[in-house]
Protein chains: 2
Amino acid sequence: MGITKIEAYSEDILSKAQLFKALGHPARVAILDFLAKQTSCICGEIVAELPLSQASISRHLNELKDAGLIKGTISGTSVCYCINTDQIPQLNQFLNQLISPIDQTCCS
Amino acid sequence: MGITKIEAYSEDILSKAQLFKALGHPARVAILDFLAKQTSCICGEIVAELPLSQASISRHLNELKDAGLIKGTISGTSVCYCINTDQIPQLNQFLNQLISPIDQTCCS
DNA sequence: TATATTAATCGTAATATTGCAATATATAAA
DNA sequence: TTTATATATTGCAATATTACGATTAATATA
């Protein structure tokens with residue numbers, strides 16, 4: 001999506017931005033939302049759930065996996081996807097830091 | 001970034017995806033990180049802080065503003081930007097829901 | 001008024017994303 | 001072994017994003 005000067009930012013910033021980016025598409029939010037309500041999941045069910053082709057969903061699943069937001073294991077002809085919670089606290093912490101009490105005297 | 005079938009998702013999903021998308025760039029994460037440490041801020045200081053041109057930063061600030069993640073008021077020749085915390089809880093809640101205890105029997 | 005300062009906007013080039021159709025791959029079942 | 005089922009991958013075409021330089025707009029100051 002255009003040229004990003006990734007070399008100029010800290011690992012920490014880049015890591016968060018990448019995770020948020022992976023979350024920055026309705027299909028992927030919907031997939032995670034769906035997975036959060038399941039104990040396990042097969043890709044096919046997601047295809048039935050979302051208004052996208054199987055190929056598109058496969059791509060989104062792959063992006064989520066690359067970002068470390070889901071993990072999957074192959075079982076027979078189906079693949080089981082689950083949410084990988086490892087990265088979530090990092091994002092929650094960042095968001096909480098944004099809320100943290102500051103004296104907003106200028107823009108309010 | 002390609003054609004997204006936004007009309008097919010719920011408002012709730014779209015809203016979250018849009019916020020995450022706005023957070024999905026290192027420059028914008030860095031801007032928010034910087035703003036979180038200030039009580040007030042002038043755009044010029046951000047320009048000095050980041051490895052981007054003034055024009056690029058102005059665009060990122062505008063995107064953050066459009067997303068409702070910052071708010072700004074013009075004061076003299078400078079503009080004061082602050083974090084708008086209104087949307088944050090929505091994201092925190094979503095992330096927490098992803099972590100929420102589920103019986104992951106399949107992918108572990 | 002003229003000049004300096006600050007931030008927004010415009011134009012353009014490079015690159016990334018999205019979606020679908022078609023195809024490939026792999027396992028299960030007949 | 002053949003066929004069916006399920007998921008992944010590839011190859012476009014359309015569109016969005018990013019960054020920068022140059023310019024513009026607006027205010028402050030001399």
# chains A, B, ... in the order shown; residues from 1 in each chain; ligands from 1
>>> calpha_fit_and_write(fixed="chain B", moving="chain A", output="short mmCIF file (atom, residue, chain, number, x, y, z; two decimals) with C-alpha atoms, in the first residue's frame")
data_model
loop_
_atom_site.label_atom_id
_atom_site.label_comp_id
_atom_site.auth_asym_id
_atom_site.auth_seq_id
_atom_site.Cartn_x
_atom_site.Cartn_y
_atom_site.Cartn_z
CA MET A 1 -6.68 -0.48 -1.14
CA GLY A 2 -8.56 -2.68 -3.43
CA ILE A 3 -12.25 -3.32 -3.47
CA THR A 4 -13.83 -3.96 -0.11
CA LYS A 5 -17.40 -5.16 0.04
CA ILE A 6 -18.28 -2.79 2.83
CA GLU A 7 -21.98 -3.07 2.17
CA ALA A 8 -21.93 -6.66 3.30
CA TYR A 9 -20.79 -6.13 6.88
CA SER A 10 -22.50 -4.82 9.97
CA GLU A 11 -21.93 -1.25 11.10
CA ASP A 12 -20.25 -2.58 14.18
CA ILE A 13 -17.72 -4.62 12.26
CA LEU A 14 -17.06 -1.81 9.81
CA SER A 15 -16.55 0.70 12.58
CA LYS A 16 -13.96 -1.42 14.33
CA ALA A 17 -12.16 -2.32 11.14
CA GLN A 18 -11.92 1.33 10.18
CA LEU A 19 -10.43 2.28 13.52
CA PHE A 20 -7.93 -0.55 13.40
CA LYS A 21 -7.05 0.44 9.87
CA ALA A 22 -6.31 3.98 10.99
CA LEU A 23 -4.01 2.48 13.60
CA GLY A 24 -2.39 0.22 11.05
CA HIS A 25 0.52 2.39 10.07
CA PRO A 26 3.73 2.97 12.02
CA ALA A 27 3.59 6.72 11.50
CA ARG A 28 0.14 6.90 13.03
CA VAL A 29 1.03 4.60 15.90
CA ALA A 30 4.05 6.78 16.54
CA ILE A 31 1.97 9.94 16.41
CA LEU A 32 -0.50 8.58 18.95
CA ASP A 33 2.32 7.28 21.09
CA PHE A 34 3.82 10.75 21.06
CA LEU A 35 0.51 12.46 21.77
CA ALA A 36 -0.16 10.11 24.66
CA LYS A 37 2.88 11.51 26.40
CA GLN A 38 1.84 15.12 25.96
CA THR A 39 -0.88 17.21 27.38
CA SER A 40 -1.06 19.19 24.21
CA CYS A 41 0.73 19.20 20.93
CA ILE A 42 1.54 21.27 17.94
CA CYS A 43 2.00 19.62 14.59
CA GLY A 44 5.48 20.99 14.19
CA GLU A 45 6.73 19.00 17.12
CA ILE A 46 5.47 15.85 15.52
CA VAL A 47 7.30 16.73 12.34
CA ALA A 48 10.49 17.04 14.34
CA GLU A 49 9.79 13.72 16.00
CA LEU A 50 9.06 11.57 12.98
CA PRO A 51 11.12 10.63 9.94
CA LEU A 52 8.58 12.00 7.49
CA SER A 53 8.01 15.18 5.58
CA GLN A 54 5.59 17.76 6.86
CA ALA A 55 3.17 16.94 4.09
CA SER A 56 3.11 13.25 4.91
CA ILE A 57 2.55 13.88 8.57
CA SER A 58 -0.25 16.26 7.80
CA ARG A 59 -1.90 13.49 5.84
CA HIS A 60 -1.56 11.01 8.67
CA LEU A 61 -2.91 13.53 11.14
CA ASN A 62 -5.88 14.04 8.88
CA GLU A 63 -6.52 10.33 8.69
CA LEU A 64 -6.39 10.02 12.44
CA LYS A 65 -8.79 12.90 12.72
CA ASP A 66 -11.16 11.39 10.18
CA ALA A 67 -11.14 8.16 12.13
CA GLY A 68 -11.99 10.06 15.28
CA LEU A 69 -8.80 9.11 17.05
CA ILE A 70 -7.52 12.64 17.52
CA LYS A 71 -9.08 16.04 17.70
CA GLY A 72 -7.51 19.34 16.88
CA THR A 73 -8.10 22.99 17.33
CA ILE A 74 -6.50 25.79 15.43
CA SER A 75 -4.66 28.30 17.55
CA GLY A 76 -2.77 30.93 15.72
CA THR A 77 -0.36 29.54 13.18
CA SER A 78 -0.27 26.22 14.90
CA VAL A 79 -2.77 23.45 15.40
CA CYS A 80 -3.19 21.70 18.67
CA TYR A 81 -3.80 17.97 18.47
CA CYS A 82 -4.95 15.72 21.28
CA ILE A 83 -6.04 12.14 21.48
CA ASN A 84 -9.75 11.58 21.23
CA THR A 85 -10.45 8.73 23.59
CA ASP A 86 -14.08 8.23 22.58
CA GLN A 87 -13.46 5.29 20.27
CA ILE A 88 -10.81 3.46 22.27
CA PRO A 89 -13.04 1.50 24.66
CA GLN A 90 -14.82 -0.06 21.72
CA LEU A 91 -11.52 -1.50 20.51
CA ASN A 92 -10.41 -2.62 23.93
CA GLN A 93 -13.66 -4.43 24.37
CA PHE A 94 -13.25 -6.23 21.08
CA LEU A 95 -9.73 -7.31 21.90
CA ASN A 96 -10.75 -8.52 25.33
CA GLN A 97 -13.48 -10.56 23.78
CA LEU A 98 -10.84 -12.31 21.70
CA ILE A 99 -8.92 -13.26 24.80
CA SER A 100 -12.00 -14.37 26.70
CA PRO A 101 -11.71 -17.91 28.01
CA ILE A 102 -12.52 -20.50 25.42
CA ASP A 103 -11.68 -24.13 25.46
CA GLN A 104 -8.96 -24.31 22.86
CA THR A 105 -8.83 -28.00 22.35
CA CYS A 106 -8.02 -27.96 18.69
CA CYS A 107 -5.01 -25.81 17.91
CA SER A 108 -2.89 -26.15 20.99
#
>>> interface_residues(of="chain C", to="chain A", cutoff="8 Å", atoms="only C-alpha atoms (C1' of nucleotides)", output="list of chain:residue names")
C:DA14, C:DT15, C:DA16, C:DT17, C:DG19, C:DC20, C:DA26, C:DT27, C:DA28
>>> select_by_dssp(residues="stretch 14-85 of chain A", states="helix (DSSP H, G or I)", output="PDB file with C-alpha atoms, in the first residue's frame")
ATOM      1  CA  LEU A  14       6.270  -1.525  13.708  1.00  0.00           C
ATOM      2  CA  SER A  15       4.995  -4.562  15.535  1.00  0.00           C
ATOM      3  CA  LYS A  16       1.907  -2.792  16.788  1.00  0.00           C
ATOM      4  CA  ALA A  17       1.189  -1.136  13.473  1.00  0.00           C
ATOM      5  CA  GLN A  18       1.405  -4.472  11.707  1.00  0.00           C
ATOM      6  CA  LEU A  19      -1.038  -6.082  14.098  1.00  0.00           C
ATOM      7  CA  PHE A  20      -3.471  -3.209  13.808  1.00  0.00           C
ATOM      8  CA  LYS A  21      -3.135  -3.356  10.057  1.00  0.00           C
ATOM      9  CA  ALA A  22      -4.071  -7.019  10.071  1.00  0.00           C
ATOM     10  CA  LEU A  23      -7.138  -6.054  12.074  1.00  0.00           C
ATOM     11  CA  PRO A  26     -13.944  -5.891   8.030  1.00  0.00           C
ATOM     12  CA  ALA A  27     -13.509  -9.431   6.767  1.00  0.00           C
ATOM     13  CA  ARG A  28     -10.723 -10.079   9.235  1.00  0.00           C
ATOM     14  CA  VAL A  29     -12.568  -8.438  12.108  1.00  0.00           C
ATOM     15  CA  ALA A  30     -15.557 -10.590  11.246  1.00  0.00           C
ATOM     16  CA  ILE A  31     -13.426 -13.720  11.094  1.00  0.00           C
ATOM     17  CA  LEU A  32     -11.947 -13.048  14.522  1.00  0.00           C
ATOM     18  CA  ASP A  33     -15.347 -12.154  15.876  1.00  0.00           C
ATOM     19  CA  PHE A  34     -16.635 -15.468  14.602  1.00  0.00           C
ATOM     20  CA  LEU A  35     -13.664 -17.417  15.933  1.00  0.00           C
ATOM     21  CA  ALA A  36     -14.042 -15.802  19.335  1.00  0.00           C
ATOM     22  CA  CYS A  43     -12.524 -22.749   7.252  1.00  0.00           C
ATOM     23  CA  GLY A  44     -15.634 -23.859   5.469  1.00  0.00           C
ATOM     24  CA  GLU A  45     -17.830 -22.528   8.213  1.00  0.00           C
ATOM     25  CA  ILE A  46     -16.246 -19.148   7.841  1.00  0.00           C
ATOM     26  CA  VAL A  47     -16.919 -19.232   4.127  1.00  0.00           C
ATOM     27  CA  ALA A  48     -20.570 -19.855   4.880  1.00  0.00           C
ATOM     28  CA  GLU A  49     -20.559 -17.021   7.372  1.00  0.00           C
ATOM     29  CA  GLN A  54     -13.519 -19.088  -0.599  1.00  0.00           C
ATOM     30  CA  ALA A  55     -10.365 -17.766  -2.201  1.00  0.00           C
ATOM     31  CA  SER A  56     -10.705 -14.349  -0.605  1.00  0.00           C
ATOM     32  CA  ILE A  57     -11.327 -15.801   2.810  1.00  0.00           C
ATOM     33  CA  SER A  58      -8.340 -18.049   2.468  1.00  0.00           C
ATOM     34  CA  ARG A  59      -6.250 -14.985   1.808  1.00  0.00           C
ATOM     35  CA  HIS A  60      -7.572 -13.178   4.848  1.00  0.00           C
ATOM     36  CA  LEU A  61      -6.986 -16.232   6.998  1.00  0.00           C
ATOM     37  CA  ASN A  62      -3.442 -16.346   5.756  1.00  0.00           C
ATOM     38  CA  GLU A  63      -2.908 -12.707   6.605  1.00  0.00           C
ATOM     39  CA  LEU A  64      -4.237 -13.231  10.094  1.00  0.00           C
ATOM     40  CA  LYS A  65      -1.956 -16.191  10.477  1.00  0.00           C
ATOM     41  CA  ASP A  66       1.052 -14.242   9.228  1.00  0.00           C
ATOM     42  CA  THR A  85      -4.010 -14.598  21.947  1.00  0.00           C
TER      43      THR A  85
END
>>> select_by_dssp(residues="chain B", states="strand (DSSP E or B)", output="list of chain:residue names")
B:Ile42, B:Ile70, B:Lys71, B:Gly72, B:Thr73, B:Ile74, B:Ser75, B:Ser78, B:Val79, B:Cys80, B:Tyr81, B:Cys82, B:Ile83
>>> atom_distance(atom1="atom C1' of D:DA22", atom2="atom C1' of C:DT12")
11.3 Å
>>> interface_residues(of="chain D", to="chain B", cutoff="8 Å", atoms="only C-alpha atoms (C1' of nucleotides)", output="VMD selection string")
chain D and resid 14 to 17 19 to 20 26 to 28
>>> write_last_selection(atoms="C-alpha atoms (C1' of nucleotides)", output="short mmCIF file (atom, residue, chain, number, x, y, z; two decimals), in the first residue's frame")
data_model
loop_
_atom_site.label_atom_id
_atom_site.label_comp_id
_atom_site.auth_asym_id
_atom_site.auth_seq_id
_atom_site.Cartn_x
_atom_site.Cartn_y
_atom_site.Cartn_z
"C1'" DA D 14 -9.43 -2.45 -10.04
"C1'" DT D 15 -8.56 0.49 -6.42
"C1'" DA D 16 -6.24 2.38 -2.24
"C1'" DT D 17 -2.20 3.91 0.26
"C1'" DA D 19 5.53 9.58 0.34
"C1'" DC D 20 7.52 13.63 -1.44
"C1'" DA D 26 -3.85 31.54 6.87
"C1'" DT D 27 -2.12 33.90 10.64
"C1'" DA D 28 1.48 36.53 13.18
#
>>> atom_distance(atom1="atom C1' of C:DG11", atom2="atom C1' of D:DA25")
17.5 Å
>>> atom_distance(atom1="atom C1' of C:DC10", atom2="atom C1' of D:DT24")
9.0 Å
>>> residues_around(residues="D:DA30", least_positions_apart="6", cutoff="12 Å", atoms="only C-alpha atoms (C1' of nucleotides)", output="PyMOL selection string")
chain C and resi 1-4
>>> write_last_selection(atoms="all heavy atoms", output="mmCIF file, in the first residue's frame")
data_model
loop_
_atom_site.group_PDB
_atom_site.id
_atom_site.type_symbol
_atom_site.label_atom_id
_atom_site.label_comp_id
_atom_site.auth_asym_id
_atom_site.auth_seq_id
_atom_site.Cartn_x
_atom_site.Cartn_y
_atom_site.Cartn_z
ATOM 1 P P DT C 1 -2.540 46.060 2.832
ATOM 2 O OP1 DT C 1 -3.872 46.395 2.300
ATOM 3 O OP2 DT C 1 -2.174 44.676 3.175
ATOM 4 O "O5'" DT C 1 -1.493 46.678 1.851
ATOM 5 C "C5'" DT C 1 -0.821 47.911 2.316
ATOM 6 C "C4'" DT C 1 0.676 47.671 2.332
ATOM 7 O "O4'" DT C 1 1.112 47.527 3.719
ATOM 8 C "C3'" DT C 1 1.103 46.378 1.619
ATOM 9 O "O3'" DT C 1 2.363 46.589 0.991
ATOM 10 C "C2'" DT C 1 1.233 45.383 2.769
ATOM 11 C "C1'" DT C 1 1.751 46.262 3.895
ATOM 12 N N1 DT C 1 1.379 45.781 5.251
ATOM 13 C C2 DT C 1 2.375 45.497 6.143
ATOM 14 O O2 DT C 1 3.564 45.613 5.884
ATOM 15 N N3 DT C 1 1.937 45.064 7.372
ATOM 16 C C4 DT C 1 0.629 44.886 7.778
ATOM 17 O O4 DT C 1 0.377 44.488 8.900
ATOM 18 C C5 DT C 1 -0.370 45.200 6.800
ATOM 19 C C7 DT C 1 -1.804 45.046 7.143
ATOM 20 C C6 DT C 1 0.037 45.617 5.601
ATOM 21 P P DA C 2 2.886 45.487 -0.114
ATOM 22 O OP1 DA C 2 3.465 46.228 -1.246
ATOM 23 O OP2 DA C 2 1.824 44.497 -0.359
ATOM 24 O "O5'" DA C 2 4.080 44.784 0.664
ATOM 25 C "C5'" DA C 2 5.142 45.580 1.190
ATOM 26 C "C4'" DA C 2 6.081 44.704 1.999
ATOM 27 O "O4'" DA C 2 5.442 44.347 3.257
ATOM 28 C "C3'" DA C 2 6.460 43.388 1.317
ATOM 29 O "O3'" DA C 2 7.847 43.150 1.523
ATOM 30 C "C2'" DA C 2 5.575 42.356 2.012
ATOM 31 C "C1'" DA C 2 5.425 42.936 3.416
ATOM 32 N N9 DA C 2 4.178 42.606 4.091
ATOM 33 C C8 DA C 2 2.917 42.618 3.557
ATOM 34 N N7 DA C 2 1.968 42.292 4.406
ATOM 35 C C5 DA C 2 2.665 42.038 5.580
ATOM 36 C C6 DA C 2 2.241 41.642 6.867
ATOM 37 N N6 DA C 2 0.964 41.415 7.183
ATOM 38 N N1 DA C 2 3.187 41.466 7.813
ATOM 39 C C2 DA C 2 4.464 41.688 7.482
ATOM 40 N N3 DA C 2 4.977 42.070 6.317
ATOM 41 C C4 DA C 2 4.025 42.232 5.399
ATOM 42 P P DT C 3 8.524 41.798 0.913
ATOM 43 O OP1 DT C 3 9.886 42.179 0.461
ATOM 44 O OP2 DT C 3 7.583 41.167 -0.024
ATOM 45 O "O5'" DT C 3 8.687 40.874 2.199
ATOM 46 C "C5'" DT C 3 9.245 41.441 3.391
ATOM 47 C "C4'" DT C 3 9.209 40.411 4.507
ATOM 48 O "O4'" DT C 3 7.870 40.319 5.069
ATOM 49 C "C3'" DT C 3 9.589 38.988 4.085
ATOM 50 O "O3'" DT C 3 10.526 38.477 5.009
ATOM 51 C "C2'" DT C 3 8.270 38.227 4.118
ATOM 52 C "C1'" DT C 3 7.531 38.951 5.231
ATOM 53 N N1 DT C 3 6.052 38.855 5.181
ATOM 54 C C2 DT C 3 5.367 38.570 6.331
ATOM 55 O O2 DT C 3 5.919 38.415 7.395
ATOM 56 N N3 DT C 3 3.999 38.502 6.193
ATOM 57 C C4 DT C 3 3.270 38.675 5.033
ATOM 58 O O4 DT C 3 2.046 38.584 5.027
ATOM 59 C C5 DT C 3 4.053 38.962 3.852
ATOM 60 C C7 DT C 3 3.364 39.157 2.543
ATOM 61 C C6 DT C 3 5.399 39.025 3.982
ATOM 62 P P DA C 4 11.275 37.071 4.732
ATOM 63 O OP1 DA C 4 12.729 37.274 4.871
ATOM 64 O OP2 DA C 4 10.728 36.458 3.506
ATOM 65 O "O5'" DA C 4 10.783 36.231 5.985
ATOM 66 C "C5'" DA C 4 10.780 36.844 7.282
ATOM 67 C "C4'" DA C 4 10.006 35.976 8.249
ATOM 68 O "O4'" DA C 4 8.585 36.128 8.012
ATOM 69 C "C3'" DA C 4 10.307 34.481 8.131
ATOM 70 O "O3'" DA C 4 10.480 33.959 9.438
ATOM 71 C "C2'" DA C 4 9.085 33.909 7.439
ATOM 72 C "C1'" DA C 4 7.984 34.849 7.890
ATOM 73 N N9 DA C 4 6.876 34.994 6.953
ATOM 74 C C8 DA C 4 6.945 35.264 5.616
ATOM 75 N N7 DA C 4 5.773 35.350 5.025
ATOM 76 C C5 DA C 4 4.872 35.141 6.051
ATOM 77 C C6 DA C 4 3.461 35.104 6.089
ATOM 78 N N6 DA C 4 2.701 35.311 5.007
ATOM 79 N N1 DA C 4 2.876 34.859 7.280
ATOM 80 C C2 DA C 4 3.647 34.658 8.355
ATOM 81 N N3 DA C 4 4.977 34.664 8.447
ATOM 82 C C4 DA C 4 5.526 34.912 7.243
#
>>> decode(residues="stretch 12-99 of chain A", atoms="C-alpha atoms", output="tab-separated table (two decimals), in the first residue's frame")
chain	number	residue	atom	x	y	z
A	12	ASP	CA	7.87	-1.86	18.92
A	13	ILE	CA	6.02	0.65	16.80
A	14	LEU	CA	6.27	-1.53	13.71
A	15	SER	CA	5.00	-4.56	15.54
A	16	LYS	CA	1.91	-2.79	16.79
A	17	ALA	CA	1.19	-1.14	13.47
A	18	GLN	CA	1.41	-4.47	11.71
A	19	LEU	CA	-1.04	-6.08	14.10
A	20	PHE	CA	-3.47	-3.21	13.81
A	21	LYS	CA	-3.14	-3.36	10.06
A	22	ALA	CA	-4.07	-7.02	10.07
A	23	LEU	CA	-7.14	-6.05	12.07
A	24	GLY	CA	-7.94	-3.23	9.71
A	25	HIS	CA	-10.30	-5.01	7.39
A	26	PRO	CA	-13.94	-5.89	8.03
A	27	ALA	CA	-13.51	-9.43	6.77
A	28	ARG	CA	-10.72	-10.08	9.23
A	29	VAL	CA	-12.57	-8.44	12.11
A	30	ALA	CA	-15.56	-10.59	11.25
A	31	ILE	CA	-13.43	-13.72	11.09
A	32	LEU	CA	-11.95	-13.05	14.52
A	33	ASP	CA	-15.35	-12.15	15.88
A	34	PHE	CA	-16.64	-15.47	14.60
A	35	LEU	CA	-13.66	-17.42	15.93
A	36	ALA	CA	-14.04	-15.80	19.33
A	37	LYS	CA	-17.43	-17.43	19.66
A	38	GLN	CA	-16.17	-20.89	18.78
A	39	THR	CA	-13.97	-23.35	20.49
A	40	SER	CA	-12.72	-24.58	17.18
A	41	CYS	CA	-13.36	-23.79	13.59
A	42	ILE	CA	-13.10	-25.12	10.12
A	43	CYS	CA	-12.52	-22.75	7.25
A	44	GLY	CA	-15.63	-23.86	5.47
A	45	GLU	CA	-17.83	-22.53	8.21
A	46	ILE	CA	-16.25	-19.15	7.84
A	47	VAL	CA	-16.92	-19.23	4.13
A	48	ALA	CA	-20.57	-19.85	4.88
A	49	GLU	CA	-20.56	-17.02	7.37
A	50	LEU	CA	-18.98	-14.28	5.30
A	51	PRO	CA	-20.00	-12.61	2.05
A	52	LEU	CA	-16.75	-13.50	0.30
A	53	SER	CA	-15.49	-16.20	-1.98
A	54	GLN	CA	-13.52	-19.09	-0.60
A	55	ALA	CA	-10.36	-17.77	-2.20
A	56	SER	CA	-10.70	-14.35	-0.61
A	57	ILE	CA	-11.33	-15.80	2.81
A	58	SER	CA	-8.34	-18.05	2.47
A	59	ARG	CA	-6.25	-14.99	1.81
A	60	HIS	CA	-7.57	-13.18	4.85
A	61	LEU	CA	-6.99	-16.23	7.00
A	62	ASN	CA	-3.44	-16.35	5.76
A	63	GLU	CA	-2.91	-12.71	6.60
A	64	LEU	CA	-4.24	-13.23	10.09
A	65	LYS	CA	-1.96	-16.19	10.48
A	66	ASP	CA	1.05	-14.24	9.23
A	67	ALA	CA	0.29	-11.53	11.74
A	68	GLY	CA	0.15	-14.11	14.48
A	69	LEU	CA	-3.46	-13.46	15.31
A	70	ILE	CA	-4.70	-16.95	14.55
A	71	LYS	CA	-3.15	-20.36	14.46
A	72	GLY	CA	-4.26	-23.34	12.47
A	73	THR	CA	-3.72	-27.02	12.26
A	74	ILE	CA	-4.52	-29.27	9.38
A	75	SER	CA	-6.85	-32.12	10.19
A	76	GLY	CA	-7.96	-34.19	7.31
A	77	THR	CA	-9.47	-32.19	4.51
A	78	SER	CA	-10.23	-29.34	6.80
A	79	VAL	CA	-8.13	-26.84	8.67
A	80	CYS	CA	-8.84	-25.87	12.21
A	81	TYR	CA	-8.33	-22.22	13.05
A	82	CYS	CA	-8.22	-20.70	16.50
A	83	ILE	CA	-7.39	-17.29	17.83
A	84	ASN	CA	-3.81	-16.83	18.91
A	85	THR	CA	-4.01	-14.60	21.95
A	86	ASP	CA	-0.27	-14.02	22.29
A	87	GLN	CA	-0.23	-10.63	20.61
A	88	ILE	CA	-3.43	-9.19	22.01
A	89	PRO	CA	-2.16	-7.89	25.36
A	90	GLN	CA	0.40	-5.78	23.57
A	91	LEU	CA	-2.38	-3.99	21.72
A	92	ASN	CA	-4.57	-3.62	24.76
A	93	GLN	CA	-1.70	-2.07	26.61
A	94	PHE	CA	-1.10	0.43	23.85
A	95	LEU	CA	-4.74	1.43	23.72
A	96	ASN	CA	-4.91	1.81	27.47
A	97	GLN	CA	-1.90	4.04	27.37
A	98	LEU	CA	-3.80	6.31	25.00
A	99	ILE	CA	-6.64	6.61	27.45
